[in-house]
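Quick look at final.cif (mmCIF, C-alpha atoms and all ligand atoms):
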```
data_coords
#
loop_
_atom_site.label_atom_id
_atom_site.label_comp_id
_atom_site.auth_asym_id
_atom_site.auth_seq_id
_atom_site.Cartn_x
_atom_site.Cartn_y
_atom_site.Cartn_z
CA MET A 13 113.98 130.96 79.58
CA LYS A 14 110.45 130.85 78.20
CA LYS A 15 110.40 127.19 79.06
CA ASN A 16 111.36 127.99 82.65
CA ILE A 17 108.58 130.54 82.96
CA PHE A 18 106.13 128.01 81.56
CA ALA A 19 107.35 125.38 84.03
CA GLY A 20 107.01 127.92 86.83
CA VAL A 21 103.43 128.72 85.85
CA VAL A 22 102.58 125.02 85.65
CA LEU A 23 104.13 124.48 89.09
CA LEU A 24 102.25 127.45 90.53
CA LEU A 25 98.98 126.21 89.06
CA THR A 26 99.63 122.74 90.43
CA VAL A 27 100.28 124.18 93.88
CA LEU A 28 97.15 126.33 93.67
CA ILE A 29 94.97 123.43 92.56
CA ALA A 30 96.48 121.12 95.18
CA GLY A 31 96.08 123.89 97.76
CA SER A 32 92.40 124.11 97.02
CA VAL A 33 91.78 120.46 97.86
CA VAL A 34 94.37 119.81 100.54
CA ALA A 35 93.18 121.32 103.79
CA ASP A 36 95.46 123.02 106.29
CA THR A 37 97.06 120.19 108.22
CA SER A 38 99.32 122.30 110.46
CA SER A 39 97.11 121.25 113.40
CA ILE A 40 98.68 117.77 113.17
CA ASP A 41 102.03 119.15 114.38
CA GLY A 42 102.84 117.88 117.88
CA LYS A 43 99.97 115.39 118.05
CA LEU A 44 100.36 111.87 119.38
CA ILE A 45 98.50 109.47 117.10
CA ALA A 46 97.96 105.73 117.36
CA LEU A 47 97.25 103.81 114.16
CA ASP A 48 95.82 100.33 114.22
CA ALA A 49 96.04 98.09 111.17
CA GLY A 50 93.03 95.79 111.56
CA HIS A 51 93.48 92.00 111.90
CA GLY A 52 96.91 90.46 111.22
CA GLY A 53 98.65 87.13 111.70
CA ASP A 54 96.12 84.33 111.90
CA TYR A 55 93.30 86.74 111.16
CA THR A 56 93.16 87.87 107.53
CA GLY A 57 90.00 89.93 107.96
CA GLY A 58 88.11 90.33 104.69
CA TYR A 59 89.47 88.26 101.84
CA ASN A 60 89.08 88.59 98.10
CA ILE A 61 88.84 84.98 96.96
CA ASN A 62 89.09 85.87 93.26
CA TYR A 63 92.42 87.68 93.62
CA TYR A 64 93.79 86.37 96.93
CA VAL A 65 93.98 89.76 98.56
CA ALA A 66 93.84 89.79 102.35
CA GLU A 67 92.41 92.78 104.17
CA LYS A 68 95.14 92.62 106.83
CA ASP A 69 97.79 93.51 104.21
CA VAL A 70 95.83 96.42 102.74
CA ASN A 71 95.23 97.75 106.26
CA LEU A 72 98.93 97.60 107.11
CA SER A 73 99.93 99.26 103.85
CA VAL A 74 97.59 102.22 104.44
CA VAL A 75 98.83 102.53 108.04
CA TYR A 76 102.49 102.77 107.00
CA SER A 77 101.75 105.31 104.28
CA LEU A 78 99.61 107.38 106.66
CA LYS A 79 102.26 107.14 109.38
CA SER A 80 104.90 108.74 107.16
CA LYS A 81 102.53 111.55 106.13
CA LEU A 82 101.62 112.29 109.76
CA GLU A 83 105.25 112.24 110.84
CA SER A 84 106.17 114.63 108.02
CA ALA A 85 103.52 116.98 109.43
CA GLY A 86 105.13 116.84 112.89
CA ALA A 87 103.06 114.15 114.62
CA THR A 88 104.39 111.29 116.71
CA VAL A 89 102.86 108.01 115.57
CA VAL A 90 102.63 104.65 117.31
CA LEU A 91 101.41 101.45 115.67
CA THR A 92 99.51 98.69 117.44
CA ARG A 93 100.68 96.17 114.82
CA GLU A 94 104.00 96.69 113.04
CA GLY A 95 104.09 93.50 110.99
CA ASP A 96 101.96 90.38 110.81
CA GLU A 97 101.38 89.95 114.52
CA THR A 98 98.22 88.32 115.78
CA ILE A 99 96.42 90.57 118.24
CA LEU A 100 93.62 88.73 119.94
CA SER A 101 91.15 91.40 120.89
CA ARG A 102 90.19 95.01 120.32
CA SER A 103 90.84 95.76 123.96
CA GLU A 104 94.39 94.45 123.53
CA ARG A 105 94.86 96.83 120.59
CA VAL A 106 93.76 99.76 122.72
CA ASP A 107 96.04 98.61 125.55
CA ILE A 108 99.01 98.39 123.16
CA ALA A 109 98.28 101.88 121.80
CA ILE A 110 98.04 103.40 125.28
CA ALA A 111 101.22 101.67 126.46
CA LYS A 112 103.17 102.80 123.41
CA CYS A 113 101.99 106.41 123.71
CA ILE A 114 103.07 106.47 127.34
CA GLU A 115 106.38 104.85 126.49
CA ILE A 116 107.19 107.27 123.67
CA ALA A 117 105.69 110.52 125.00
CA ASN A 118 104.64 109.83 128.58
CA ARG A 119 101.04 110.73 127.91
CA GLU A 120 97.81 109.41 126.45
CA CYS A 121 97.40 109.20 122.67
CA ASP A 122 95.38 112.09 121.24
CA ILE A 123 93.46 109.75 118.93
CA LEU A 124 93.42 106.19 117.67
CA VAL A 125 92.43 105.35 114.09
CA SER A 126 91.75 101.73 113.29
CA VAL A 127 92.12 101.06 109.56
CA HIS A 128 89.96 98.34 108.04
CA HIS A 129 88.50 97.49 104.63
CA ASN A 130 85.10 95.98 104.29
CA GLY A 131 83.98 92.61 102.99
CA SER A 132 80.94 91.43 101.05
CA LEU A 133 79.90 88.29 99.20
CA ASP A 134 79.17 90.47 96.18
CA SER A 135 82.43 91.12 94.29
CA ASP A 136 80.90 94.24 92.67
CA HIS A 137 79.83 95.85 95.91
CA ASN A 138 81.72 98.89 97.14
CA GLY A 139 81.19 101.76 99.57
CA THR A 140 82.63 103.71 102.49
CA LEU A 141 81.66 103.12 106.11
CA THR A 142 82.98 104.66 109.33
CA ILE A 143 82.27 103.29 112.80
CA TYR A 144 82.51 104.89 116.22
CA ASN A 145 81.50 103.86 119.71
CA GLU A 146 81.05 106.85 121.93
CA LYS A 147 79.77 110.41 121.66
CA GLN A 148 83.29 111.74 122.06
CA ASP A 149 84.31 109.90 118.86
CA VAL A 150 81.70 111.47 116.58
CA ALA A 151 83.76 114.48 115.47
CA LEU A 152 86.69 112.29 114.46
CA ALA A 153 84.43 109.77 112.73
CA GLN A 154 82.68 112.53 110.83
CA SER A 155 85.92 114.20 109.71
CA LEU A 156 87.38 110.95 108.45
CA HIS A 157 84.14 109.86 106.83
CA ASP A 158 83.87 113.13 104.90
CA THR A 159 87.32 112.76 103.37
CA LEU A 160 87.05 109.00 102.75
CA VAL A 161 83.65 108.86 101.02
CA PRO A 162 84.96 110.36 97.75
CA LEU A 163 87.22 107.29 97.39
CA THR A 164 84.19 105.20 96.38
CA GLY A 165 81.52 107.86 95.97
CA ILE A 166 79.19 105.52 97.87
CA ASP A 167 78.29 106.70 101.34
CA GLU A 168 77.36 103.82 103.65
CA GLY A 169 77.25 106.16 106.62
CA TYR A 170 79.13 106.68 109.83
CA LEU A 171 77.60 104.46 112.39
CA ASN A 172 77.54 103.97 116.08
CA GLY A 173 78.40 100.31 116.32
CA GLY A 174 79.82 97.58 118.46
CA TYR A 175 82.60 97.07 115.94
CA GLY A 176 84.31 100.24 117.06
CA ILE A 177 87.41 100.26 119.14
CA THR A 178 86.69 102.72 121.92
CA VAL A 179 84.93 100.55 124.43
CA TYR A 180 87.93 100.80 126.71
CA ASP A 181 89.88 103.57 128.39
CA HIS A 182 88.03 106.46 126.78
CA LEU A 183 90.54 106.90 124.00
CA ILE A 184 89.03 108.99 121.19
CA SER A 185 88.94 106.66 118.24
CA THR A 186 87.29 105.61 115.04
CA LEU A 187 87.30 102.59 112.79
CA THR A 188 87.33 103.22 109.05
CA GLU A 189 86.25 100.96 106.18
CA ALA A 190 87.27 103.11 103.22
CA TYR A 191 86.25 100.52 100.61
CA TYR A 192 85.52 96.83 100.09
CA ILE A 193 88.54 94.63 99.55
CA THR A 194 86.15 91.97 98.24
CA ASN A 195 85.42 94.34 95.34
CA ASP A 196 87.36 92.93 92.39
CA GLU A 197 88.34 96.31 91.01
CA GLU A 198 89.80 97.35 94.38
CA ALA A 199 91.68 94.05 94.72
CA THR A 200 93.20 94.27 91.24
CA THR A 201 94.21 97.88 91.86
CA TYR A 202 95.94 96.80 95.08
CA LEU A 203 97.83 94.12 93.14
CA THR A 204 99.36 96.72 90.80
CA GLY A 205 101.32 98.10 93.78
CA VAL A 206 104.97 97.45 94.55
CA GLU A 207 106.26 95.34 97.38
CA GLU A 208 107.30 97.12 100.54
CA GLU A 209 108.53 95.89 103.89
CA ALA A 210 106.52 96.62 107.03
CA GLY A 211 109.14 98.52 109.04
CA GLU A 212 111.95 96.04 109.59
CA THR A 213 109.72 93.11 110.34
CA GLY A 214 110.49 91.04 107.25
CA TYR A 215 106.79 91.12 106.36
CA PHE A 216 105.79 92.56 103.00
CA TYR A 217 102.68 94.22 101.61
CA LEU A 218 101.99 96.10 98.37
CA THR A 219 101.77 99.84 98.11
CA GLY A 220 100.44 101.78 95.15
CA GLU A 221 98.27 104.61 93.94
CA ARG A 222 95.10 103.48 95.70
CA ILE A 223 96.88 103.09 99.04
CA GLU A 224 98.29 106.61 98.61
CA GLU A 225 94.86 107.99 97.75
CA GLU A 226 93.41 106.57 100.91
CA ALA A 227 96.35 107.62 103.10
CA ASN A 228 95.96 111.17 101.75
CA ALA A 229 92.25 111.13 102.56
CA GLN A 230 92.91 109.77 106.06
CA PHE A 231 95.62 112.41 106.57
CA GLN A 232 93.29 115.18 105.48
CA GLY A 233 90.48 113.88 107.69
CA ILE A 234 92.77 113.80 110.73
CA GLY A 235 94.00 117.31 109.92
CA ASN A 236 90.43 118.58 109.62
CA TYR A 237 89.57 117.02 112.96
CA PHE A 238 92.43 118.65 114.86
CA THR A 239 91.78 121.99 113.13
CA ALA A 240 88.13 121.82 114.19
CA MET A 241 89.16 120.94 117.76
CA GLU A 242 91.45 123.97 117.90
CA ASN A 243 88.43 126.14 117.17
CA VAL A 244 86.38 124.69 119.99
CA ALA A 245 86.88 126.20 123.43
CA PRO A 246 87.16 123.72 126.37
CA SER A 247 83.55 124.49 127.29
CA GLY A 248 82.53 123.11 123.92
CA LYS A 249 81.56 126.54 122.61
CA LYS A 250 83.03 127.85 119.39
CA LYS A 251 85.77 130.42 119.79
CA LYS A 252 84.89 133.90 118.60
ZN ZN B 1 88.38 94.39 109.12
#
```
Show me this structure written as structure tokens.
Amino acid sequence: MKKNIFAGVVLLLTVLIAGSVVADTSSIDGKLIALDAGHGGDYTGGYNINYYVAEKDVNLSVVYSLKSKLESAGATVVLTREGDETILSRSERVDIAIAKCIEIANRECDILVSVHHNGSLDSDHNGTLTIYNEKQDVALAQSLHDTLVPLTGIDEGYLNGGYGITVYDHLISTLTEAYYITNDEEATTYLTGVEEEAGETGYFYLTGERIEEEANAQFQGIGNYFTAMENVAPSGKKKK
């Protein structure tokens, strides 16, 4: 009996501690979210030449983990890339996202998050960078950046850049580079993951602790964004 009480207290403490870091994500319920795993197919993206880790696989792994978290919270999620498809351009990715949102829910996606991991010639370099294109994307970029930066502790900023994904169709979106896949420590951590299939595509990536950490941070950032949006009246003024 004593043991049970002890276990109960431990559980309660765990919930309390977790509750203090995990933000309210109820705002995700009912949202229509497009996730884009950067690169794919012929395009590996960044590549760690010391450990043979391709960015396209890490991107896809994070996207699948994030998808299941968002769906558990009541969101509908569409993926631009489900396996190792080659998608030629960023505009094509946006077109795929829009078409899938219309197909599944007959409306425009609420947001699009494009998941990337950065590359550098320096295998020690690490950091977190978030990129957006338009003014309407800033709030999402900022929310995601805030929850992703602790992954590396190195803030490389959230930038307005041409590498974003929102040039077309006014879809609110952001491109994240949570860490550098060319960083040897990140690559070796990725390699400790277990093999998982991308949907039912026959294509496999690894998933492990680091992928989960990032997916949790992405999930929290998206939740924070929608919560903040709920508190903004259509005129752009804060609700009383
Ligand atoms: Zn990339």
- [ ] Tell me which protein, DNA and RNA residues are within 6 Å of segment 66-69 of chain A, counting all atoms listed in the file, leaving out same-chain ones fewer than 5 positions away, and put them as a PyMOL selection string.
- [x] chain A and resi 51-52+56-59+217
Would you put the residues from that selection into a file with C-alpha atoms, as a short mmCIF file (atom, residue, chain, number, x, y, z; two decimals), in the coordinates of the input?
```cif
data_model
loop_
_atom_site.label_atom_id
_atom_site.label_comp_id
_atom_site.auth_asym_id
_atom_site.auth_seq_id
_atom_site.Cartn_x
_atom_site.Cartn_y
_atom_site.Cartn_z
CA HIS A 51 93.48 92.00 111.90
CA GLY A 52 96.91 90.46 111.22
CA THR A 56 93.16 87.87 107.53
CA GLY A 57 90.00 89.93 107.96
CA GLY A 58 88.11 90.33 104.69
CA TYR A 59 89.47 88.26 101.84
CA TYR A 217 102.68 94.22 101.61
#
```
Task: Computed interatomic separation between atom CA of Ala85 of chain A and atom CA of Ile223 of chain A (Å) - done: 18.6 Å
Open item on the list: Using Å and a single decimal, report how far atom CA of Gly86 of chain A sits from atom CA of Asp41 of chain A.
Closed with: 4.1 Å
Task: Nearest residue to Thr194 of chain A from the set A:Asn130, A:Ser73, A:Ser103, A:Ser39 (distances using all atoms listed in the file) - done: A:Asn130
- [ ] State, in Å with one decimal place, the distance from atom CA of Leu47 of chain A to atom CA of Leu183 of chain A.
- [x]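 Distance reported for this atom pair: 12.3 Å.
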- [ ] Point out the residue among A:Leu133, A:Ile234, A:Ala153, A:Leu72 with the least atom-to-atom distance to Lys43 of chain A, counting only C-alpha atoms.
- [x] A:Ile234
Using 8 Å of padding on each side, determine the axis-aligned box around all atoms of segment 134-150 of chain A present in the file and give its centre and edge lengths in Å to one decimal, as AutoDock Vina command-line options.
```
--center_x 81.7 --center_y 101.1 --center_z 107.4 --size_x 21.1 --size_y 37.3 --size_z 45.4
```
Open item on the list: Counting all atoms listed in the file, which residues sit no farther than 12 Å from the position (94.4, 108.7, 123.3) in the file's frame? I'd like them as a PyMOL selection string.
Closed with: chain A and resi 43-47+89-90+106-114+117-125+148-149+177-178+180-186
- [ ] Could you tell me which of A:Gly169, A:Gly42, A:Gly53, A:Pro162 comes closest to Glu225 of chain A if we count all atoms listed in the file?
- [x]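 Going through A:Gly169, A:Gly42, A:Gly53, A:Pro162 one by one, the smallest distance to Glu225 of chain A is for A:Pro162.
With all atoms listed in the file as the atoms that count, the residue of A:Ser155, A:Thr188, A:Ser84, A:Ser101 with the shortest distance to ligand ZN 1 (chain B) is A:Thr188.
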Open item on the list: Ranking A:Leu82, A:Val244, A:Leu141, A:Ile61 by minimum distance to ligand ZN 1 (chain B) and counting only C-alpha atoms and all ligand atoms, which one comes first?
Closed with: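 That would be A:Leu141, the residue with the smallest distance to ligand ZN 1 (chain B).
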Task: Shortest interatomic distance to Leu91 of chain A - which of A:Asp54, A:Glu168, A:Glu198, A:Asp48, counting all atoms listed in the file - done: A:Asp48
- [ ] Mind checking which residues fall within 10 Å of Phe216 of chain A, counting only C-alpha atoms, ignoring those fewer than 2 positions away in the same chain, and posting them as a VMD selection string?
- [x] chain A and resid 69 72 to 73 95 to 96 206 to 214 218 to 219
Task: Distance query Leu156 of chain A at most 9 Å, all atoms listed in the file, self and fewer than 6 positions along chain excluded, as a PyMOL selection string - done: chain A and resi 142+186+188+229-234+236-237
Open item on the list: At a cut-off of 10 Å around the point (83.4, 100.2, 103.8) (file coordinates), what residues fall inside when counting only C-alpha atoms? I'd like the answer as a ChimeraX atom specification.
Closed with: /A:128-132,137-143,160-161,164,166-170,188-193
Keeping C-alpha atoms, write segment 61-194 of chain A of the structure just shown out as a PDB file, in the first residue's frame.
```
ATOM      1  CA  ILE A  61      29.820  12.669 -44.698  1.00  0.00           C
ATOM      2  CA  ASN A  62      31.423  11.236 -41.549  1.00  0.00           C
ATOM      3  CA  TYR A  63      28.362   9.191 -40.575  1.00  0.00           C
ATOM      4  CA  TYR A  64      26.384   8.957 -43.823  1.00  0.00           C
ATOM      5  CA  VAL A  65      23.299  10.625 -42.450  1.00  0.00           C
ATOM      6  CA  ALA A  66      21.045  12.315 -44.991  1.00  0.00           C
ATOM      7  CA  GLU A  67      18.956  15.294 -43.979  1.00  0.00           C
ATOM      8  CA  LYS A  68      15.970  14.032 -45.998  1.00  0.00           C
ATOM      9  CA  ASP A  69      15.626  11.018 -43.657  1.00  0.00           C
ATOM     10  CA  VAL A  70      15.857  13.064 -40.457  1.00  0.00           C
ATOM     11  CA  ASN A  71      13.256  15.483 -41.843  1.00  0.00           C
ATOM     12  CA  LEU A  72      10.854  12.651 -42.658  1.00  0.00           C
ATOM     13  CA  SER A  73      11.332  11.028 -39.259  1.00  0.00           C
ATOM     14  CA  VAL A  74      10.488  14.261 -37.409  1.00  0.00           C
ATOM     15  CA  VAL A  75       7.453  14.807 -39.663  1.00  0.00           C
ATOM     16  CA  TYR A  76       5.986  11.373 -38.899  1.00  0.00           C
ATOM     17  CA  SER A  77       6.551  11.740 -35.167  1.00  0.00           C
ATOM     18  CA  LEU A  78       5.032  15.238 -35.190  1.00  0.00           C
ATOM     19  CA  LYS A  79       2.095  14.034 -37.296  1.00  0.00           C
ATOM     20  CA  SER A  80       1.102  11.444 -34.708  1.00  0.00           C
ATOM     21  CA  LYS A  81       1.347  13.979 -31.868  1.00  0.00           C
ATOM     22  CA  LEU A  82      -0.811  16.498 -33.750  1.00  0.00           C
ATOM     23  CA  GLU A  83      -3.382  13.858 -34.648  1.00  0.00           C
ATOM     24  CA  SER A  84      -3.552  12.736 -31.011  1.00  0.00           C
ATOM     25  CA  ALA A  85      -4.374  16.352 -30.151  1.00  0.00           C
ATOM     26  CA  GLY A  86      -7.262  16.380 -32.654  1.00  0.00           C
ATOM     27  CA  ALA A  87      -5.634  17.918 -35.725  1.00  0.00           C
ATOM     28  CA  THR A  88      -5.940  16.685 -39.292  1.00  0.00           C
ATOM     29  CA  VAL A  89      -2.502  16.380 -40.879  1.00  0.00           C
ATOM     30  CA  VAL A  90      -1.465  16.147 -44.516  1.00  0.00           C
ATOM     31  CA  LEU A  91       2.064  15.408 -45.716  1.00  0.00           C
ATOM     32  CA  THR A  92       3.618  16.793 -48.878  1.00  0.00           C
ATOM     33  CA  ARG A  93       6.061  13.873 -48.991  1.00  0.00           C
ATOM     34  CA  GLU A  94       5.067  10.506 -47.509  1.00  0.00           C
ATOM     35  CA  GLY A  95       8.138   8.492 -48.466  1.00  0.00           C
ATOM     36  CA  ASP A  96      11.217   9.153 -50.564  1.00  0.00           C
ATOM     37  CA  GLU A  97       9.518  11.021 -53.379  1.00  0.00           C
ATOM     38  CA  THR A  98      11.398  13.650 -55.322  1.00  0.00           C
ATOM     39  CA  ILE A  99       9.545  16.956 -55.280  1.00  0.00           C
ATOM     40  CA  LEU A 100      11.079  19.398 -57.685  1.00  0.00           C
ATOM     41  CA  SER A 101      10.258  22.789 -56.286  1.00  0.00           C
ATOM     42  CA  ARG A 102       9.006  24.591 -53.217  1.00  0.00           C
ATOM     43  CA  SER A 103       6.002  25.808 -55.157  1.00  0.00           C
ATOM     44  CA  GLU A 104       5.135  22.185 -55.938  1.00  0.00           C
ATOM     45  CA  ARG A 105       5.277  21.384 -52.218  1.00  0.00           C
ATOM     46  CA  VAL A 106       2.847  24.193 -51.475  1.00  0.00           C
ATOM     47  CA  ASP A 107       0.583  23.044 -54.317  1.00  0.00           C
ATOM     48  CA  ILE A 108       0.578  19.476 -52.951  1.00  0.00           C
ATOM     49  CA  ALA A 109      -0.249  20.724 -49.444  1.00  0.00           C
ATOM     50  CA  ILE A 110      -3.124  22.881 -50.682  1.00  0.00           C
ATOM     51  CA  ALA A 111      -4.533  20.096 -52.862  1.00  0.00           C
ATOM     52  CA  LYS A 112      -4.384  17.569 -50.027  1.00  0.00           C
ATOM     53  CA  CYS A 113      -6.045  19.929 -47.537  1.00  0.00           C
ATOM     54  CA  ILE A 114      -8.875  20.536 -49.992  1.00  0.00           C
ATOM     55  CA  GLU A 115      -9.176  16.833 -50.715  1.00  0.00           C
ATOM     56  CA  ILE A 116      -9.310  15.815 -47.054  1.00  0.00           C
ATOM     57  CA  ALA A 117     -11.228  18.745 -45.519  1.00  0.00           C
ATOM     58  CA  ASN A 118     -12.439  20.868 -48.422  1.00  0.00           C
ATOM     59  CA  ARG A 119     -10.631  23.942 -47.177  1.00  0.00           C
ATOM     60  CA  GLU A 120      -7.239  25.609 -47.051  1.00  0.00           C
ATOM     61  CA  CYS A 121      -4.595  24.323 -44.631  1.00  0.00           C
ATOM     62  CA  ASP A 122      -4.342  26.434 -41.467  1.00  0.00           C
ATOM     63  CA  ILE A 123      -0.543  26.300 -41.558  1.00  0.00           C
ATOM     64  CA  LEU A 124       2.334  24.594 -43.311  1.00  0.00           C
ATOM     65  CA  VAL A 125       5.537  23.671 -41.472  1.00  0.00           C
ATOM     66  CA  SER A 126       8.513  22.675 -43.565  1.00  0.00           C
ATOM     67  CA  VAL A 127      10.981  20.595 -41.543  1.00  0.00           C
ATOM     68  CA  HIS A 128      14.654  20.865 -42.439  1.00  0.00           C
ATOM     69  CA  HIS A 129      18.000  20.398 -40.703  1.00  0.00           C
ATOM     70  CA  ASN A 130      20.911  22.611 -41.462  1.00  0.00           C
ATOM     71  CA  GLY A 131      24.284  21.871 -43.019  1.00  0.00           C
ATOM     72  CA  SER A 132      27.777  23.236 -42.474  1.00  0.00           C
ATOM     73  CA  LEU A 133      31.296  22.275 -43.491  1.00  0.00           C
ATOM     74  CA  ASP A 134      32.246  22.395 -39.815  1.00  0.00           C
ATOM     75  CA  SER A 135      31.279  19.084 -38.170  1.00  0.00           C
ATOM     76  CA  ASP A 136      31.249  20.772 -34.731  1.00  0.00           C
ATOM     77  CA  HIS A 137      28.905  23.562 -35.707  1.00  0.00           C
ATOM     78  CA  ASN A 138      25.361  23.517 -34.367  1.00  0.00           C
ATOM     79  CA  GLY A 139      22.484  25.945 -33.887  1.00  0.00           C
ATOM     80  CA  THR A 140      18.796  26.596 -34.485  1.00  0.00           C
ATOM     81  CA  LEU A 141      17.457  28.707 -37.332  1.00  0.00           C
ATOM     82  CA  THR A 142      13.891  29.451 -38.436  1.00  0.00           C
ATOM     83  CA  ILE A 143      12.963  31.011 -41.771  1.00  0.00           C
ATOM     84  CA  TYR A 144       9.816  32.765 -42.924  1.00  0.00           C
ATOM     85  CA  ASN A 145       8.832  34.708 -46.012  1.00  0.00           C
ATOM     86  CA  GLU A 146       5.972  37.026 -45.300  1.00  0.00           C
ATOM     87  CA  LYS A 147       4.735  39.213 -42.464  1.00  0.00           C
ATOM     88  CA  GLN A 148       1.825  36.854 -41.878  1.00  0.00           C
ATOM     89  CA  ASP A 149       4.307  34.051 -41.087  1.00  0.00           C
ATOM     90  CA  VAL A 150       6.169  35.848 -38.303  1.00  0.00           C
ATOM     91  CA  ALA A 151       3.982  34.682 -35.407  1.00  0.00           C
ATOM     92  CA  LEU A 152       4.310  31.040 -36.428  1.00  0.00           C
ATOM     93  CA  ALA A 153       8.051  31.379 -37.037  1.00  0.00           C
ATOM     94  CA  GLN A 154       8.520  33.013 -33.665  1.00  0.00           C
ATOM     95  CA  SER A 155       6.488  30.385 -31.785  1.00  0.00           C
ATOM     96  CA  LEU A 156       8.385  27.522 -33.371  1.00  0.00           C
ATOM     97  CA  HIS A 157      11.740  29.215 -32.962  1.00  0.00           C
ATOM     98  CA  ASP A 158      11.142  29.766 -29.239  1.00  0.00           C
ATOM     99  CA  THR A 159      10.443  26.094 -28.593  1.00  0.00           C
ATOM    100  CA  LEU A 160      13.177  24.785 -30.923  1.00  0.00           C
ATOM    101  CA  VAL A 161      16.133  26.891 -29.742  1.00  0.00           C
ATOM    102  CA  PRO A 162      16.533  24.950 -26.469  1.00  0.00           C
ATOM    103  CA  LEU A 163      17.354  21.845 -28.555  1.00  0.00           C
ATOM    104  CA  THR A 164      20.806  23.269 -29.306  1.00  0.00           C
ATOM    105  CA  GLY A 165      20.925  26.267 -26.980  1.00  0.00           C
ATOM    106  CA  ILE A 166      22.389  28.220 -29.901  1.00  0.00           C
ATOM    107  CA  ASP A 167      20.068  30.810 -31.365  1.00  0.00           C
ATOM    108  CA  GLU A 168      20.841  31.567 -35.009  1.00  0.00           C
ATOM    109  CA  GLY A 169      17.723  33.685 -35.308  1.00  0.00           C
ATOM    110  CA  TYR A 170      14.453  33.598 -37.161  1.00  0.00           C
ATOM    111  CA  LEU A 171      15.018  35.186 -40.471  1.00  0.00           C
ATOM    112  CA  ASN A 172      13.097  36.596 -43.337  1.00  0.00           C
ATOM    113  CA  GLY A 173      14.636  34.718 -46.212  1.00  0.00           C
ATOM    114  CA  GLY A 174      14.174  33.462 -49.718  1.00  0.00           C
ATOM    115  CA  TYR A 175      14.523  29.906 -48.483  1.00  0.00           C
ATOM    116  CA  GLY A 176      11.063  30.005 -46.964  1.00  0.00           C
ATOM    117  CA  ILE A 177       8.133  28.254 -48.470  1.00  0.00           C
ATOM    118  CA  THR A 178       5.377  30.844 -48.515  1.00  0.00           C
ATOM    119  CA  VAL A 179       6.062  32.627 -51.757  1.00  0.00           C
ATOM    120  CA  TYR A 180       2.927  31.117 -53.224  1.00  0.00           C
ATOM    121  CA  ASP A 181      -0.756  31.111 -52.388  1.00  0.00           C
ATOM    122  CA  HIS A 182      -0.488  32.995 -49.110  1.00  0.00           C
ATOM    123  CA  LEU A 183      -0.391  29.884 -46.985  1.00  0.00           C
ATOM    124  CA  ILE A 184       0.897  30.712 -43.500  1.00  0.00           C
ATOM    125  CA  SER A 185       4.105  28.775 -43.208  1.00  0.00           C
ATOM    126  CA  THR A 186       7.555  28.490 -41.748  1.00  0.00           C
ATOM    127  CA  LEU A 187      10.690  26.524 -42.442  1.00  0.00           C
ATOM    128  CA  THR A 188      12.581  25.165 -39.449  1.00  0.00           C
ATOM    129  CA  GLU A 189      16.226  24.124 -39.130  1.00  0.00           C
ATOM    130  CA  ALA A 190      16.225  22.777 -35.576  1.00  0.00           C
ATOM    131  CA  TYR A 191      19.878  21.673 -35.675  1.00  0.00           C
ATOM    132  CA  TYR A 192      22.745  20.820 -38.005  1.00  0.00           C
ATOM    133  CA  ILE A 193      22.753  17.291 -39.358  1.00  0.00           C
ATOM    134  CA  THR A 194      26.388  17.857 -40.344  1.00  0.00           C
TER     135      THR A 194
END
```
